[in-house]
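What follows is the content of entry_20.pdb (PDB, C-alpha atoms, pLDDT in the B column).
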ATOM      1  CA  ARG Z  52       0.567 -88.820 126.754  1.00 92.00           C
ATOM      2  CA  LYS Z  53       1.387 -88.135 123.088  1.00 96.00           C
ATOM      3  CA  LEU Z  54       4.571 -88.851 121.146  1.00 96.00           C
ATOM      4  CA  LYS Z  55       5.023 -87.739 117.548  1.00 96.00           C
ATOM      5  CA  ILE Z  56       8.139 -88.529 115.518  1.00 95.00           C
ATOM      6  CA  CYS Z  57       7.969 -86.915 112.110  1.00 94.00           C
ATOM      7  CA  GLY Z  58      10.426 -86.507 109.235  1.00 92.00           C
ATOM      8  CA  CYS Z  59      13.444 -88.091 110.953  1.00 91.00           C
ATOM      9  CA  GLU Z  60      15.130 -89.232 107.752  1.00 85.00           C
ATOM     10  CA  CYS Z  61      18.181 -90.731 109.506  1.00 88.00           C
ATOM     11  CA  LEU Z  62      16.260 -92.704 112.126  1.00 90.00           C
ATOM     12  CA  ARG Z  63      16.987 -96.409 111.560  1.00 90.00           C
ATOM     13  CA  MET Z  64      15.594 -97.942 114.742  1.00 89.00           C
ATOM     14  CA  LEU Z  65      13.639 -97.176 117.880  1.00 93.00           C
ATOM     15  CA  PRO Z  66      14.891 -98.282 121.309  1.00 92.00           C
ATOM     16  CA  ASP Z  67      13.283-101.129 123.209  1.00 93.00           C
ATOM     17  CA  GLU Z  68      12.660 -98.634 125.997  1.00 94.00           C
ATOM     18  CA  LEU Z  69       9.724 -97.362 123.946  1.00 94.00           C
ATOM     19  CA  GLY Z  70       7.633-100.013 125.666  1.00 92.00           C
ATOM     20  CA  SER Z  71       8.265 -98.475 129.085  1.00 94.00           C
ATOM     21  CA  LEU Z  72       6.130 -95.398 128.284  1.00 95.00           C
ATOM     22  CA  SER Z  73       3.201 -96.862 130.161  1.00 92.00           C
ATOM     23  CA  GLY Z  74       1.142 -93.656 130.120  1.00 95.00           C
ATOM     24  CA  LEU Z  75       1.429 -93.070 126.369  1.00 97.00           C
ATOM     25  CA  GLU Z  76      -1.993 -92.751 124.732  1.00 98.00           C
ATOM     26  CA  GLU Z  77      -1.093 -91.573 121.219  1.00 98.00           C
ATOM     27  CA  PHE Z  78       1.946 -92.480 119.103  1.00 97.00           C
ATOM     28  CA  VAL Z  79       2.496 -91.012 115.650  1.00 97.00           C
ATOM     29  CA  LEU Z  80       5.367 -92.070 113.408  1.00 95.00           C
ATOM     30  CA  GLU Z  81       5.442 -90.280 110.072  1.00 95.00           C
ATOM     31  CA  ARG Z  82       7.867 -90.031 107.141  1.00 94.00           C
ATOM     32  CA  CYS Z  83      10.799 -91.775 108.818  1.00 93.00           C
ATOM     33  CA  ASN Z  84      12.065 -93.051 105.497  1.00 90.00           C
ATOM     34  CA  VAL Z  85      14.901 -95.374 106.574  1.00 92.00           C
ATOM     35  CA  LEU Z  86      13.197 -96.958 109.565  1.00 92.00           C
ATOM     36  CA  ALA Z  87      12.953-100.656 108.709  1.00 89.00           C
ATOM     37  CA  ALA Z  88      11.376-102.174 111.836  1.00 90.00           C
ATOM     38  CA  LEU Z  89       9.609-101.403 115.093  1.00 93.00           C
ATOM     39  CA  PRO Z  90      10.576-102.988 118.426  1.00 95.00           C
ATOM     40  CA  GLU Z  91       8.480-105.782 119.903  1.00 95.00           C
ATOM     41  CA  SER Z  92       8.236-103.653 123.035  1.00 96.00           C
ATOM     42  CA  LEU Z  93       5.586-101.625 121.182  1.00 96.00           C
ATOM     43  CA  GLY Z  94       3.104-104.177 122.475  1.00 95.00           C
ATOM     44  CA  GLY Z  95       3.825-103.055 126.031  1.00 95.00           C
ATOM     45  CA  LEU Z  96       2.106 -99.685 125.573  1.00 96.00           C
ATOM     46  CA  ASN Z  97      -0.959-100.772 127.499  1.00 95.00           C
ATOM     47  CA  SER Z  98      -2.585 -97.321 127.581  1.00 97.00           C
ATOM     48  CA  LEU Z  99      -2.193 -96.632 123.860  1.00 98.00           C
ATOM     49  CA  LYS Z 100      -5.427 -95.557 122.174  1.00 98.00           C
ATOM     50  CA  VAL Z 101      -4.143 -94.073 118.897  1.00 98.00           C
ATOM     51  CA  LEU Z 102      -1.348 -95.472 116.695  1.00 97.00           C
ATOM     52  CA  LYS Z 103      -0.507 -93.841 113.383  1.00 96.00           C
ATOM     53  CA  LEU Z 104       2.264 -95.149 111.123  1.00 94.00           C
ATOM     54  CA  GLU Z 105       2.374 -93.156 107.910  1.00 94.00           C
ATOM     55  CA  TYR Z 106       4.685 -93.023 104.888  1.00 92.00           C
ATOM     56  CA  CYS Z 107       7.653 -94.856 106.396  1.00 92.00           C
ATOM     57  CA  ASP Z 108       9.001 -96.139 103.092  1.00 90.00           C
ATOM     58  CA  MET Z 109      11.307 -98.897 104.382  1.00 91.00           C
ATOM     59  CA  LEU Z 110       8.948-100.449 106.912  1.00 91.00           C
ATOM     60  CA  THR Z 111       8.157-103.940 105.617  1.00 88.00           C
ATOM     61  CA  SER Z 112       6.323-105.462 108.589  1.00 86.00           C
ATOM     62  CA  LEU Z 113       4.915-104.727 112.016  1.00 90.00           C
ATOM     63  CA  PRO Z 114       5.725-106.463 115.296  1.00 92.00           C
ATOM     64  CA  ALA Z 115       3.437-109.312 116.302  1.00 92.00           C
ATOM     65  CA  SER Z 116       3.100-107.687 119.722  1.00 95.00           C
ATOM     66  CA  LEU Z 117       0.958-104.942 118.157  1.00 94.00           C
ATOM     67  CA  THR Z 118      -2.064-107.165 118.703  1.00 94.00           C
ATOM     68  CA  ASN Z 119      -1.545-106.858 122.486  1.00 95.00           C
ATOM     69  CA  LEU Z 120      -2.752-103.234 122.424  1.00 96.00           C
ATOM     70  CA  GLN Z 121      -6.182-103.929 123.874  1.00 94.00           C
ATOM     71  CA  GLN Z 122      -7.040-100.233 124.460  1.00 97.00           C
ATOM     72  CA  LEU Z 123      -6.298 -99.235 120.859  1.00 98.00           C
ATOM     73  CA  ALA Z 124      -9.227 -97.401 119.252  1.00 98.00           C
ATOM     74  CA  VAL Z 125      -7.555 -95.858 116.183  1.00 98.00           C
ATOM     75  CA  LEU Z 126      -5.003 -97.656 114.006  1.00 96.00           C
ATOM     76  CA  GLU Z 127      -3.665 -95.997 110.871  1.00 95.00           C
ATOM     77  CA  ILE Z 128      -1.132 -97.906 108.791  1.00 91.00           C
ATOM     78  CA  SER Z 129      -1.072 -95.866 105.629  1.00 91.00           C
ATOM     79  CA  GLY Z 130       1.303 -95.258 102.755  1.00 90.00           C
ATOM     80  CA  LEU Z 131       3.696 -98.052 103.775  1.00 89.00           C
ATOM     81  CA  LYS Z 132       4.563 -99.025 100.228  1.00 87.00           C
ATOM     82  CA  ALA Z 133       7.240-101.582 101.195  1.00 88.00           C
ATOM     83  CA  MET Z 134       4.946-103.590 103.463  1.00 88.00           C
ATOM     84  CA  THR Z 135       4.292-107.078 102.123  1.00 83.00           C
ATOM     85  CA  SER Z 136       1.991-108.444 104.828  1.00 82.00           C
ATOM     86  CA  LEU Z 137      -0.207-107.279 107.669  1.00 83.00           C
ATOM     87  CA  PRO Z 138       0.048-108.639 111.206  1.00 80.00           C
ATOM     88  CA  THR Z 139      -2.072-111.645 112.064  1.00 84.00           C
ATOM     89  CA  GLY Z 140      -4.284-111.400 115.095  1.00 90.00           C
ATOM     90  CA  LEU Z 141      -5.821-108.015 114.294  1.00 91.00           C
ATOM     91  CA  GLY Z 142      -9.088-109.482 115.524  1.00 92.00           C
ATOM     92  CA  ARG Z 143      -7.747-109.250 119.068  1.00 94.00           C
ATOM     93  CA  LEU Z 144      -7.964-105.446 118.884  1.00 96.00           C
ATOM     94  CA  THR Z 145     -11.597-105.450 119.929  1.00 95.00           C
ATOM     95  CA  SER Z 146     -11.619-101.763 120.950  1.00 97.00           C
ATOM     96  CA  LEU Z 147     -10.833-100.563 117.418  1.00 97.00           C
ATOM     97  CA  THR Z 148     -13.357 -98.117 115.992  1.00 98.00           C
ATOM     98  CA  SER Z 149     -11.211 -96.703 113.157  1.00 98.00           C
ATOM     99  CA  LEU Z 150      -8.855 -98.725 110.954  1.00 96.00           C
ATOM    100  CA  ASN Z 151      -6.885 -97.324 108.021  1.00 95.00           C
ATOM    101  CA  LEU Z 152      -4.750 -99.800 106.061  1.00 91.00           C
ATOM    102  CA  SER Z 153      -4.529 -97.760 102.861  1.00 91.00           C
ATOM    103  CA  GLY Z 154      -1.616 -97.789 100.476  1.00 87.00           C
ATOM    104  CA  ALA Z 155      -0.063-101.207 101.162  1.00 82.00           C
ATOM    105  CA  ARG Z 156       0.331-101.818  97.443  1.00 80.00           C
ATOM    106  CA  GLN Z 157       2.202-105.122  97.792  1.00 80.00           C
ATOM    107  CA  VAL Z 158      -0.214-106.785 100.202  1.00 82.00           C
ATOM    108  CA  THR Z 159      -2.306-109.391  98.369  1.00 80.00           C
ATOM    109  CA  ALA Z 160      -4.685-110.468 101.142  1.00 81.00           C
ATOM    110  CA  LEU Z 161      -6.418-108.936 104.122  1.00 85.00           C
ATOM    111  CA  PRO Z 162      -6.182-110.653 107.523  1.00 86.00           C
ATOM    112  CA  ILE Z 163      -9.025-113.153 107.928  1.00 89.00           C
ATOM    113  CA  ASP Z 164      -9.864-111.906 111.403  1.00 92.00           C
ATOM    114  CA  LEU Z 165     -10.266-108.322 110.181  1.00 92.00           C
ATOM    115  CA  TRP Z 166     -13.962-109.059 109.757  1.00 93.00           C
ATOM    116  CA  THR Z 167     -14.400-109.849 113.462  1.00 94.00           C
ATOM    117  CA  LEU Z 168     -13.789-106.205 114.439  1.00 96.00           C
ATOM    118  CA  THR Z 169     -17.471-105.489 114.889  1.00 95.00           C
ATOM    119  CA  ALA Z 170     -16.919-102.197 116.773  1.00 97.00           C
ATOM    120  CA  LEU Z 171     -15.436-100.561 113.662  1.00 98.00           C
ATOM    121  CA  THR Z 172     -17.222 -97.442 112.479  1.00 99.00           C
ATOM    122  CA  GLU Z 173     -14.576 -96.478 109.897  1.00 98.00           C
ATOM    123  CA  LEU Z 174     -12.615 -98.782 107.585  1.00 97.00           C
ATOM    124  CA  LYS Z 175     -10.200 -97.593 104.916  1.00 96.00           C
ATOM    125  CA  ILE Z 176      -8.379-100.178 102.804  1.00 93.00           C
ATOM    126  CA  GLY Z 177      -7.692 -98.094  99.727  1.00 91.00           C
ATOM    127  CA  PHE Z 178      -5.051 -98.652  97.060  1.00 91.00           C
ATOM    128  CA  PHE Z 179      -4.537-102.362  97.723  1.00 86.00           C
ATOM    129  CA  GLU Z 180      -3.721-102.792  94.063  1.00 81.00           C
ATOM    130  CA  ALA Z 181      -3.136-106.553  94.325  1.00 79.00           C
ATOM    131  CA  LEU Z 182      -6.441-107.227  96.088  1.00 84.00           C
ATOM    132  CA  THR Z 183      -8.758-109.192  93.764  1.00 87.00           C
ATOM    133  CA  SER Z 184     -11.872-109.623  95.916  1.00 89.00           C
ATOM    134  CA  ILE Z 185     -13.737-108.434  98.994  1.00 91.00           C
ATOM    135  CA  PRO Z 186     -15.182-111.334 101.024  1.00 91.00           C
ATOM    136  CA  ASP Z 187     -18.810-111.734 102.056  1.00 94.00           C
ATOM    137  CA  ASP Z 188     -17.584-111.302 105.629  1.00 95.00           C
ATOM    138  CA  LEU Z 189     -17.659-107.548 104.978  1.00 95.00           C
ATOM    139  CA  GLY Z 190     -21.319-107.669 106.010  1.00 96.00           C
ATOM    140  CA  ARG Z 191     -20.354-108.587 109.564  1.00 96.00           C
ATOM    141  CA  LEU Z 192     -19.090-105.048 110.217  1.00 97.00           C
ATOM    142  CA  ARG Z 193     -22.559-103.700 110.938  1.00 97.00           C
ATOM    143  CA  SER Z 194     -21.378-100.669 112.906  1.00 98.00           C
ATOM    144  CA  LEU Z 195     -19.551 -99.226 109.879  1.00 98.00           C
ATOM    145  CA  LYS Z 196     -20.389 -95.657 108.957  1.00 99.00           C
ATOM    146  CA  VAL Z 197     -17.470 -95.022 106.571  1.00 99.00           C
ATOM    147  CA  LEU Z 198     -16.084 -97.534 104.048  1.00 98.00           C
ATOM    148  CA  ASP Z 199     -13.284 -96.475 101.696  1.00 98.00           C
ATOM    149  CA  LEU Z 200     -12.049 -98.964  99.076  1.00 96.00           C
ATOM    150  CA  SER Z 201     -10.652 -96.347  96.693  1.00 96.00           C
ATOM    151  CA  GLY Z 202      -7.886 -97.396  94.332  1.00 94.00           C
ATOM    152  CA  CYS Z 203      -8.462-101.141  94.689  1.00 92.00           C
ATOM    153  CA  LYS Z 204      -8.165-101.907  90.998  1.00 91.00           C
ATOM    154  CA  GLY Z 205      -8.337-105.697  91.107  1.00 90.00           C
ATOM    155  CA  PHE Z 206     -11.935-106.580  92.004  1.00 91.00           C
ATOM    156  CA  THR Z 207     -14.900-106.560  89.603  1.00 94.00           C
ATOM    157  CA  ARG Z 208     -17.720-106.719  92.153  1.00 95.00           C
ATOM    158  CA  LEU Z 209     -18.633-106.105  95.755  1.00 96.00           C
ATOM    159  CA  PRO Z 210     -20.326-108.801  97.853  1.00 96.00           C
ATOM    160  CA  ASP Z 211     -24.090-108.828  98.308  1.00 97.00           C
ATOM    161  CA  SER Z 212     -23.434-108.555 102.040  1.00 97.00           C
ATOM    162  CA  LEU Z 213     -22.713-104.852 101.461  1.00 97.00           C
ATOM    163  CA  GLY Z 214     -26.436-104.381 102.029  1.00 97.00           C
ATOM    164  CA  CYS Z 215     -26.031-105.547 105.632  1.00 97.00           C
ATOM    165  CA  LEU Z 216     -24.161-102.347 106.514  1.00 98.00           C
ATOM    166  CA  ALA Z 217     -27.319-100.536 107.556  1.00 96.00           C
ATOM    167  CA  ASN Z 218     -25.444 -97.724 109.345  1.00 98.00           C
ATOM    168  CA  LEU Z 219     -23.190 -96.861 106.399  1.00 98.00           C
ATOM    169  CA  SER Z 220     -23.224 -93.151 105.565  1.00 98.00           C
ATOM    170  CA  GLU Z 221     -20.130 -92.824 103.327  1.00 98.00           C
ATOM    171  CA  LEU Z 222     -19.034 -95.228 100.579  1.00 98.00           C
ATOM    172  CA  LYS Z 223     -15.920 -94.277  98.627  1.00 98.00           C
ATOM    173  CA  LEU Z 224     -14.892 -96.318  95.598  1.00 98.00           C
ATOM    174  CA  MET Z 225     -12.814 -93.880  93.554  1.00 98.00           C
ATOM    175  CA  PHE Z 226     -10.432 -95.391  90.998  1.00 97.00           C
ATOM    176  CA  CYS Z 227     -11.819 -98.931  91.354  1.00 96.00           C
ATOM    177  CA  GLU Z 228     -11.210 -99.339  87.651  1.00 96.00           C
ATOM    178  CA  SER Z 229     -12.289-102.991  87.313  1.00 96.00           C
ATOM    179  CA  LEU Z 230     -15.554-102.627  89.241  1.00 96.00           C
ATOM    180  CA  GLU Z 231     -18.381-103.461  86.815  1.00 95.00           C
ATOM    181  CA  ARG Z 232     -21.520-103.183  88.928  1.00 93.00           C
ATOM    182  CA  LEU Z 233     -22.762-102.530  92.427  1.00 95.00           C
ATOM    183  CA  PRO Z 234     -24.895-105.143  94.193  1.00 95.00           C
ATOM    184  CA  ASP Z 235     -28.685-104.812  94.228  1.00 94.00           C
ATOM    185  CA  SER Z 236     -28.511-105.148  98.015  1.00 96.00           C
ATOM    186  CA  MET Z 237     -27.222-101.571  98.139  1.00 96.00           C
ATOM    187  CA  VAL Z 238     -30.834-100.387  98.231  1.00 96.00           C
ATOM    188  CA  LYS Z 239     -30.811-101.351 101.920  1.00 96.00           C
ATOM    189  CA  LEU Z 240     -28.285 -98.608 102.702  1.00 97.00           C
ATOM    190  CA  GLY Z 241     -30.891 -96.125 103.844  1.00 96.00           C
ATOM    191  CA  GLN Z 242     -28.402 -94.004 105.827  1.00 97.00           C
ATOM    192  CA  LEU Z 243     -26.098 -93.341 102.867  1.00 98.00           C
ATOM    193  CA  THR Z 244     -25.263 -89.634 102.472  1.00 98.00           C
ATOM    194  CA  GLU Z 245     -22.123 -89.787 100.297  1.00 98.00           C
ATOM    195  CA  LEU Z 246     -21.309 -92.070  97.350  1.00 97.00           C
ATOM    196  CA  ASN Z 247     -18.096 -91.486  95.415  1.00 98.00           C
ATOM    197  CA  LEU Z 248     -17.612 -93.551  92.247  1.00 97.00           C
ATOM    198  CA  TYR Z 249     -15.177 -91.214  90.505  1.00 97.00           C
ATOM    199  CA  SER Z 250     -13.140 -92.925  87.784  1.00 97.00           C
ATOM    200  CA  CYS Z 251     -14.732 -96.360  88.200  1.00 97.00           C
ATOM    201  CA  THR Z 252     -14.219 -96.635  84.469  1.00 97.00           C
ATOM    202  CA  SER Z 253     -15.812-100.100  84.080  1.00 97.00           C
ATOM    203  CA  LEU Z 254     -18.877 -99.396  86.220  1.00 96.00           C
ATOM    204  CA  ALA Z 255     -22.011 -99.899  84.119  1.00 94.00           C
ATOM    205  CA  SER Z 256     -24.865-100.396  86.598  1.00 90.00           C
ATOM    206  CA  MET Z 257     -26.050 -99.500  90.073  1.00 91.00           C
ATOM    207  CA  PRO Z 258     -29.348 -98.994  91.910  1.00 91.00           C
ATOM    208  CA  ASP Z 259     -31.123 -95.717  91.242  1.00 89.00           C
ATOM    209  CA  GLU Z 260     -30.259 -92.853  93.560  1.00 89.00           C
ATOM    210  CA  SER Z 261     -33.893 -92.642  94.653  1.00 90.00           C
ATOM    211  CA  ALA Z 262     -33.196 -95.724  96.789  1.00 92.00           C
ATOM    212  CA  PHE Z 263     -31.060 -93.533  99.052  1.00 95.00           C
ATOM    213  CA  PRO Z 264     -33.318 -90.858 100.581  1.00 95.00           C
ATOM    214  CA  LEU Z 265     -30.524 -89.204 102.594  1.00 97.00           C
ATOM    215  CA  LEU Z 266     -27.992 -89.057  99.744  1.00 96.00           C
ATOM    216  CA  GLN Z 267     -26.459 -85.579  99.571  1.00 96.00           C
ATOM    217  CA  GLU Z 268     -23.316 -86.098  97.505  1.00 95.00           C
ATOM    218  CA  VAL Z 269     -22.676 -88.466  94.597  1.00 94.00           C
ATOM    219  CA  ASP Z 270     -19.831 -88.481  92.070  1.00 96.00           C
ATOM    220  CA  LYS Z 271     -20.243 -90.677  88.973  1.00 94.00           C
ATOM    221  CA  ALA Z 272     -17.729 -88.865  86.768  1.00 95.00           C
ATOM    222  CA  LYS Z 273     -15.649 -91.071  84.475  1.00 95.00           C
ATOM    223  CA  THR Z 274     -17.954 -94.097  84.772  1.00 96.00           C
ATOM    224  CA  ARG Z 275     -20.183 -95.836  82.192  1.00 94.00           C
ATOM    225  CA  LEU Z 276     -23.390 -95.116  84.090  1.00 89.00           C
ATOM    226  CA  GLN Z 277     -26.331 -93.834  82.064  1.00 66.00           C
ATOM    227  CA  PRO Z 278     -30.016 -93.446  82.999  1.00 51.00           C
ATOM    228  CA  GLU Z 279     -32.130 -96.481  82.059  1.00 44.00           C
ATOM    229  CA  GLY Z 280     -35.699 -96.320  83.275  1.00 41.00           C
ATOM    230  CA  PRO Z 281     -37.073 -95.782  86.784  1.00 43.00           C
ATOM    231  CA  GLY Z 282     -35.338 -97.411  89.711  1.00 43.00           C
ATOM    232  CA  PHE Z 283     -32.162 -98.349  87.891  1.00 40.00           C
ATOM    233  CA  LEU Z 284     -29.045 -96.821  86.427  1.00 46.00           C
ATOM    234  CA  GLY Z 285     -27.119 -98.756  83.836  1.00 47.00           C
ATOM    235  CA  ALA Z 286     -25.298 -98.709  80.548  1.00 42.00           C
TER     236      ALA Z 286
END

Show me the file's structure as structure tokens.
Amino acid sequence: RKLKICGCECLRMLPDELGSLSGLEEFVLERCNVLAALPESLGGLNSLKVLKLEYCDMLTSLPASLTNLQQLAVLEISGLKAMTSLPTGLGRLTSLTSLNLSGARQVTALPIDLWTLTALTELKIGFFEALTSIPDDLGRLRSLKVLDLSGCKGFTRLPDSLGCLANLSELKLMFCESLERLPDSMVKLGQLTELNLYSCTSLASMPDESAFPLLQEVDKAKTRLQPEGPGFLGA
């Protein structure tokens, strides 16, 4: 039910027979540094619930058939520094609850249909260094509990629709060095327990912490935030 391939530094390809593992529920591929592609037969793993592809340095793209994995609940595509684009049709993966796309440093745009994955409770899209904006469609992901945008150095603001994420408990924005302010709509995030703004070196304003009654952990180190009257923090 589980297949893990880790640290196979001479592995250049996977056989098409991979798709015949009809009972496979979890597939982990990690640190296979010369693997350049995955077979289209990957889309035949109809029982697959967890797919993790991590730190495969030569992997530049993913098979289009990946979007056929209708049972997939967890998809982690992290640390793939050679990847230049993400597969279209991610919106077909309607069972996804956790999506990690962190570390695709050369990807300049997120798939448009990403924002239709309304079952997501966890979304990590950190270290997209070429990403210059987050669309208003973010607010459609109303089941989100964890949002991690750490290391996205290109955007200066977050959309007002952030306030629509009423179930959000963790917001991580470390190393978002161009981020100047957080939207006023953040005061609607009444379930927020963790806010990490570490090294947001341009950040000068945000709502006061008193707006978040459940907040337990906040990191504002290496920001420009200073107290400025009741109900507001700003420089």

*Just so the selection is clear, what residues does the PyMOL selection byres ((chain Z and resi 86-91) around 9) cover here, as an MDAnalysis selection string?*
chainID Z and resid 59:70 83:85 92:95 107:117

*Given the PyMOL selection byres ((chain Z and resi 146) around 7), the residues it picks as a ChimeraX atom specification*: /Z:121-124,144-145,147-148,170

Serialized selection, C-alpha atoms, as a PDB file, in the frame of the given file:
ATOM      1  CA  GLN Z 121      -6.182-103.929 123.874  1.00 94.00           C
ATOM      2  CA  GLN Z 122      -7.040-100.233 124.460  1.00 97.00           C
ATOM      3  CA  LEU Z 123      -6.298 -99.235 120.859  1.00 98.00           C
ATOM      4  CA  ALA Z 124      -9.227 -97.401 119.252  1.00 98.00           C
ATOM      5  CA  LEU Z 144      -7.964-105.446 118.884  1.00 96.00           C
ATOM      6  CA  THR Z 145     -11.597-105.450 119.929  1.00 95.00           C
ATOM      7  CA  LEU Z 147     -10.833-100.563 117.418  1.00 97.00           C
ATOM      8  CA  THR Z 148     -13.357 -98.117 115.992  1.00 98.00           C
ATOM      9  CA  ALA Z 170     -16.919-102.197 116.773  1.00 97.00           C
TER      10      ALA Z 170
END

*Taking the file above as input, evaluate the PyMOL selection byres ((chain Z and resi 209-220) around 9) and report the hits as a PyMOL selection string.*
chain Z and resi 172+184-198+206-208+221-222+230+232-246+265-266

*Please, what distance in Å, to one decimal, runs between CA of Ile128 in chain Z and CA of Leu152 in chain Z?*
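Separation between CA of Ile128 in chain Z and CA of Leu152 in chain Z: 4.9 Å.
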
*asked:* Can you measure CA of Glu76 in chain Z to CA of Val101 in chain Z for me? One decimal in Å is fine.
replied: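 Taking CA of Glu76 in chain Z as the start and CA of Val101 in chain Z as the end point, the length is 6.4 Å.
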
_Protein, DNA and RNA residues within 10 Å of (-3.9, -92.9, 121.8), all atoms listed in the file, as a PyMOL selection string_ = chain Z and resi 52-54+74-79+96+98-103+122-126

_What does the structure give for the distance between CA of Phe226 in chain Z and CA of Leu161 in chain Z, in Å to one decimal?_
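So the answer is 19.3 Å.
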
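Proximity to Ala133 in chain Z was assessed for Z:Leu80, Z:Val158, Z:Cys203, Z:Leu72 counting only C-alpha atoms; the smallest distance is recorded for Z:Val158.
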
_Contact residues around range 175-178 of chain Z with all atoms listed in the file at 6 Å, ignoring same-chain residues under 4 positions, as a VMD selection string_ = chain Z and resid 151 to 154 198 to 203

*Go through Z:Ser261, Z:Ser129, Z:Asn247, Z:Thr159 one by one, measure the shortest atom-to-atom distance of each to Cys227 in chain Z using all atoms listed in the file, and give the residue with the smallest value.*
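Once distances to Cys227 in chain Z are computed over all atoms listed in the file, the minimum belongs to Z:Asn247.
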
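Selection around (-12.4, -99.2, 108.8) with radius 6 Å, counting only C-alpha atoms, yields the residues Z:Ser149, Z:Leu150, Z:Asn151, Z:Leu171, Z:Glu173, Z:Leu174, Z:Lys175.
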
Please give the centre and size of the box around range 254-260 of chain Z (axis-aligned, containing every atom listed in the file, 5 Å added per side), with values in Å to one decimal and written as JSON.
{"center_x": -25.0, "center_y": -96.6, "center_z": 88.8, "size_x": 22.2, "size_y": 17.5, "size_z": 19.4}

*asked:* Using all atoms listed in the file, can you tell me which of Z:Leu182, Z:Arg275, Z:Gly142, Z:Glu260 comes closest to Thr169 in chain Z?
replied: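 Closest candidate: Z:Gly142.
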